[in-house]
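This report refers to the structure that appears directly beneath it.
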Number of protein chains: 2
Amino acid sequence: MDVVVGIDIGGTKTKLGLVDEDGKSLVSTRFRTREYPELDHYLDKIRDSIDTLVQDSPKPVNLIGCGIGAPNASSRNGTIVNASNLVWKGTVPILKELKKRISLPMRIMNDASAAALGEMLFGNAKGMRDFIVITLGTGFGAGIVANGMLIDGYDGFAGELGHIDMTIGDGRMTGLNVRGGLEAYVSATGLKRTVMFMQSKYMDESRFRSIAYNDLHGEDITRAAEEGDPIALRAFDFTADILGLALANFTAFTQPEAFFLMGGLVNSGKWILDPLEKYFNEYLLEVYKGKVKLLQSGMAGKTAAIAGAAALIWEDRIG
Amino acid sequence: MDVVVGIDIGGTKTKLGLVDEDGKSLVSTRFRTREYPELDHYLDKIRDSIDTLVQDSPKPVNLIGCGIGAPNASSRNGTIVNASNLVWKGTVPILKELKKRISLPMRIMNDASAAALGEMLFGNAKGMRDFIVITLGTGFGAGIVANGMLIDGYDGFAGELGHIDMTIGDGRMTGLNVRGGLEAYVSATGLKRTVMFMQSKYMDESRFRSIAYNDLHGEDITRAAEEGDPIALRAFDFTADILGLALANFTAFTQPEAFFLMGGLVNSGKWILDPLEKYFNEYLLEVYKGKVKLLQSGMAGKTAAIAGAAALIWEDRIG
């Protein structure tokens, strides 16, 4: 059967899978991105992983192409540029280098844009003409669809909203040294930073008083909220406030019918989503009120990013 | 010859003209919007003005349609909704009511979107696929073109960026009671408010110490800057700073090739544009630097808004 290799290059993990035309992964694998600081070694690892996937596939497969989602990727130039969450710095000609190893039709795109395409092809945005996918993982990403088309931008870098300056409160620096940048607050990493901040601001007793930053995981914060930990509750409220303002502002741009939220931060469920709903509707301009939905992604959790990347190739066949 | 009636409904003035297929106004007129607080009287005045234009035209004309640009207009519903700069409040079914008086093909659109269409058909954006027109008059408007298409939004209200919350400094209220909203700072009105603010903040001698808010006009502020008035210079610098940040943030959304600036505030020329260029490039994320142009509109000054409105109809004929 025909399948597409979907590759999601993340700051922490790289995920690969063989994706059928319904967006399902027949087989998938993952490895830690940071273990391959040399680009050549990383790309060799990708090639080897694809070989292993083909061998491990439950059915015989015919590879028809390879779609890649990555932070700060330019679809136009096939490069990754200044990605703050990746180990390789500067301009990385990833498509050109990978083509030396794999002879398949290949496309790369900003990971959030790939996720938007996946949501449109395989997920909950089927038939929608105006929506925005927000990815809240190590960083903050946005994939924007308007008039039924993905917005690429003049040079392939539309939707890089993680570093827009929200000029908020303590003015945190993002990985690209933008003061007050959105993803310094609203991302899985941003939530961890906020747990630190709340410990500086308040004297509340909290389980976090005995956990170091590097030992802190998103699931810990969710569990703490469930136990009523005041620092965890404050952190979620603060994060939801800023995300609510950002989404209200984004609404004024392309007026989407819906936002789809995905990524690590969303795994905290109601702790982030309930206050988000409240703040979002509070900040929304009157003319938009009641018209913009906050929805969960319809992509099966773990393989969403892989399916999104594969959508870059499937789009031409079934789009 | 075939012409389109172009109507620009502004907070202060309503402008009408008969526009040929090159975007030129054969004849135009204007009247003060606020003199007609009753919608019926206002629409009668529009009808009468069109009759007068036809009589005054230097050539015999054949009206092929009527295009209208207005603040907070929904292209989908033919209404104007909660426009803070207009006298009529709530939802105004303007297209329906105007059709009772004039039997022509008719379209209405957000004024800034109409301006963007005009720039694409008749102005400096010919051939561009990704650009944003920013109108800086009584309010702040944005017309967004991406992938060569105007971005309408789910309900026709895309680009209402005047009320996004910039959470800046003193947190001014917009006409829609948004604290820190962009147009409270960046618009012809915003500049006047900043002249007031600078008089509160600094003790500089200034010609504005003897001019009341209601007697203050944009041209006065430009003239004062030319004379080195410190309050005027501070006001332009402050305004350019916020506009520069806003445009840098907007860039991260659709990554336009260019911004086109128009409206009263731009008439101040280098006093606003020089510091704007500086701040904009300072705030722009590395990945966009050197790729986004700040351009002046290519529409002949006074009739730009009329031609933009007429573009709504001409687009189908020549687009």
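Each chain in the structure tokens gets a letter, A, B, ..., in the order shown, and its residues are numbered from 1; ligands are numbered from 1 in order too.
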
Using only C-alpha atoms, which residues of chain A come within 6 Å of chain B, and what is the closest atom pair for each, with the distance in Å to one decimal? Give it as a Markdown table, sorted by chain and residue number.
```
| residue | atom | partner | partner_atom | distance |
| --- | --- | --- | --- | --- |
| A:Asp130 | CA | B:Tyr154 | CA | 5.8 |
| A:Gly153 | CA | B:Gln255 | CA | 4.4 |
| A:Tyr154 | CA | B:Glu257 | CA | 5.4 |
| A:Ala158 | CA | B:Thr254 | CA | 4.6 |
| A:Gly159 | CA | B:Phe253 | CA | 4.6 |
| A:Glu160 | CA | B:Ala252 | CA | 5.0 |
| A:Leu161 | CA | B:Ala252 | CA | 5.5 |
| A:Ile164 | CA | B:Asn249 | CA | 5.2 |
| A:Asn249 | CA | B:Ile164 | CA | 5.2 |
| A:Ala252 | CA | B:Glu160 | CA | 5.0 |
| A:Phe253 | CA | B:Gly159 | CA | 4.6 |
| A:Thr254 | CA | B:Ala158 | CA | 4.6 |
| A:Gln255 | CA | B:Gly153 | CA | 4.4 |
| A:Pro256 | CA | B:Tyr154 | CA | 5.6 |
| A:Glu257 | CA | B:Tyr154 | CA | 5.4 |
```

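Inside region 11-48 of chain B, the residues DSSP reads as strand (DSSP E or B) when given the backbone are Lys13, Thr14, Lys15, Leu16, Gly17, Leu18, Val19, Ser25, Leu26, Val27, Ser28, Thr29, Arg30, Phe31 and Arg32 of chain B.
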
Helix (DSSP H, G or I) positions in region 3-83 of chain A, given as a ChimeraX atom specification: /A:33-35,39-56

Cα RMSD of chain B after least-squares fit onto chain A, all atoms paired in order: 0.0 Å

Need to verify the contact set: Arg234 (chain B), 12 Å, only C-alpha atoms, exclusion of same-chain residues closer than 5 positions in sequence. Can you return it as number ranges by chain? B: 191-192, 194-199, 201-202, 204, 206, 221-222, 224-225, 228-229, 239-241, 271-272, 275

If we count only C-alpha atoms, what is near region 101-117 of chain A at a cut-off of 7 Å, once residues fewer than 2 positions away on the same chain are taken out, given as a PyMOL selection string? chain A and resi 47+64-75+78+98-99+119-121+133-135+141-144+305+308-309+311-312

Given the selection you just returned, output its residues as a file containing N, CA and C atoms, formatted as a tab-separated table (two decimals), in the first residue's frame.
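Ended up saving to result_19.tsv:
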```tsv
chain	number	residue	atom	x	y	z
A	47	ARG	N	17.66	8.54	7.94
A	47	ARG	CA	17.67	7.54	6.87
A	47	ARG	C	17.54	6.12	7.45
A	64	ILE	N	5.69	6.90	-1.12
A	64	ILE	CA	5.41	7.83	-2.23
A	64	ILE	C	5.98	9.22	-1.95
A	65	GLY	N	6.52	9.46	-0.78
A	65	GLY	CA	7.10	10.78	-0.52
A	65	GLY	C	7.43	10.92	0.95
A	66	CYS	N	8.02	12.06	1.26
A	66	CYS	CA	8.47	12.32	2.62
A	66	CYS	C	8.11	13.76	2.99
A	67	GLY	N	7.30	13.92	4.03
A	67	GLY	CA	6.91	15.25	4.49
A	67	GLY	C	7.53	15.53	5.85
A	68	ILE	N	8.05	16.74	6.01
A	68	ILE	CA	8.75	17.08	7.25
A	68	ILE	C	8.16	18.34	7.87
A	69	GLY	N	7.88	18.28	9.15
A	69	GLY	CA	7.50	19.47	9.90
A	69	GLY	C	8.63	19.81	10.86
A	70	ALA	N	9.01	21.09	10.91
A	70	ALA	CA	10.11	21.50	11.79
A	70	ALA	C	9.91	22.94	12.21
A	71	PRO	N	10.40	23.29	13.40
A	71	PRO	CA	10.29	24.69	13.81
A	71	PRO	C	11.09	25.60	12.89
A	72	ASN	N	10.57	26.79	12.61
A	72	ASN	CA	11.26	27.79	11.80
A	72	ASN	C	11.69	27.28	10.43
A	73	ALA	N	10.90	26.36	9.85
A	73	ALA	CA	11.23	25.86	8.53
A	73	ALA	C	10.62	26.76	7.46
A	74	SER	N	11.36	26.99	6.40
A	74	SER	CA	10.84	27.73	5.27
A	74	SER	C	10.46	26.76	4.17
A	75	SER	N	9.16	26.72	3.84
A	75	SER	CA	8.70	25.81	2.79
A	75	SER	C	9.30	26.23	1.46
A	78	GLY	N	13.36	25.33	1.76
A	78	GLY	CA	13.78	24.02	2.22
A	78	GLY	C	14.80	24.07	3.35
A	98	LEU	N	19.12	16.12	3.02
A	98	LEU	CA	18.39	14.87	3.18
A	98	LEU	C	18.17	14.20	1.82
A	99	LYS	N	18.04	15.01	0.78
A	99	LYS	CA	17.85	14.46	-0.57
A	99	LYS	C	19.07	13.66	-1.03
A	119	GLU	N	-4.72	18.78	10.25
A	119	GLU	CA	-6.04	18.97	10.84
A	119	GLU	C	-7.11	19.12	9.74
A	120	MET	N	-6.73	19.77	8.65
A	120	MET	CA	-7.66	20.00	7.54
A	120	MET	C	-7.91	18.71	6.76
A	121	LEU	N	-6.84	17.92	6.55
A	121	LEU	CA	-6.95	16.70	5.75
A	121	LEU	C	-7.55	15.54	6.56
A	133	VAL	N	-4.28	26.61	13.93
A	133	VAL	CA	-3.79	25.59	14.84
A	133	VAL	C	-2.68	26.20	15.69
A	134	ILE	N	-2.80	26.02	17.01
A	134	ILE	CA	-1.78	26.54	17.92
A	134	ILE	C	-1.08	25.34	18.56
A	135	THR	N	0.25	25.26	18.41
A	135	THR	CA	1.00	24.17	19.04
A	135	THR	C	1.75	24.70	20.24
A	141	GLY	N	3.77	27.61	18.39
A	141	GLY	CA	3.66	27.69	16.94
A	141	GLY	C	2.24	27.95	16.50
A	142	ALA	N	2.09	28.49	15.29
A	142	ALA	CA	0.76	28.76	14.76
A	142	ALA	C	0.73	28.40	13.28
A	143	GLY	N	-0.28	27.63	12.88
A	143	GLY	CA	-0.52	27.33	11.48
A	143	GLY	C	-1.84	27.97	11.09
A	144	ILE	N	-1.80	28.87	10.12
A	144	ILE	CA	-2.96	29.70	9.81
A	144	ILE	C	-3.57	29.31	8.47
A	305	ALA	N	1.65	15.03	14.93
A	305	ALA	CA	2.70	15.77	14.24
A	305	ALA	C	3.21	15.00	13.04
A	308	GLY	N	0.59	15.26	10.35
A	308	GLY	CA	0.64	16.60	9.78
A	308	GLY	C	1.75	16.71	8.77
A	309	ALA	N	2.92	16.21	9.12
A	309	ALA	CA	4.06	16.26	8.19
A	309	ALA	C	3.73	15.47	6.93
A	311	ALA	N	0.90	15.01	5.67
A	311	ALA	CA	-0.15	15.71	4.91
A	311	ALA	C	0.46	16.58	3.82
A	312	LEU	N	1.69	17.02	4.00
A	312	LEU	CA	2.35	17.84	2.98
A	312	LEU	C	2.43	17.10	1.65
```

Using only C-alpha atoms, the best pick from A:Val87, A:Ile231, A:Leu294, A:Leu26 as closest to Gly11 (chain A) would be A:Val87

What's around Glu97 (chain A) at 10 Å? Count only C-alpha atoms, leave out sequence neighbours fewer than 5 positions away in its own chain, and write the answer as a PyMOL selection string. chain A and resi 39-40+43+78-79+92+102

Excluding Arg30 (chain B) and its own-chain neighbours fewer than 2 positions away, which residues fall within 7 Å of it when counting only C-alpha atoms? Please give them as a ChimeraX atom specification. /B:13-16

For the residues in the current selection, export N, CA and C atoms as a PDB file, in the first residue's frame.
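What follows is the written file selection_28.pdb:
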```pdb
ATOM      1  N   LYS B  13     -15.661  62.287   7.417  1.00  0.00           N
ATOM      2  CA  LYS B  13     -16.227  62.651   6.111  1.00  0.00           C
ATOM      3  C   LYS B  13     -16.700  61.435   5.340  1.00  0.00           C
ATOM      4  N   THR B  14     -17.708  61.642   4.515  1.00  0.00           N
ATOM      5  CA  THR B  14     -18.118  60.651   3.529  1.00  0.00           C
ATOM      6  C   THR B  14     -17.694  61.183   2.171  1.00  0.00           C
ATOM      7  N   LYS B  15     -16.985  60.342   1.407  1.00  0.00           N
ATOM      8  CA  LYS B  15     -16.493  60.762   0.094  1.00  0.00           C
ATOM      9  C   LYS B  15     -17.083  59.854  -0.968  1.00  0.00           C
ATOM     10  N   LEU B  16     -17.489  60.453  -2.090  1.00  0.00           N
ATOM     11  CA  LEU B  16     -18.042  59.682  -3.197  1.00  0.00           C
ATOM     12  C   LEU B  16     -17.376  60.097  -4.493  1.00  0.00           C
TER      13      LEU B  16
END
```

Which residue is closest to Lys59 (chain B)? Choose from B:Asn214, B:Asn77, B:Ser25, B:Thr12 and count only C-alpha atoms.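 Between B:Asn214, B:Asn77, B:Ser25, B:Thr12, the residue approaching Lys59 (chain B) most closely is B:Ser25.
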
Between B:Val27, B:Ala184, B:Ala235, B:Leu136, single out the one closest to Ser297 (chain B), counting only C-alpha atoms.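 Closest to Ser297 (chain B), using only C-alpha atoms: B:Leu136.
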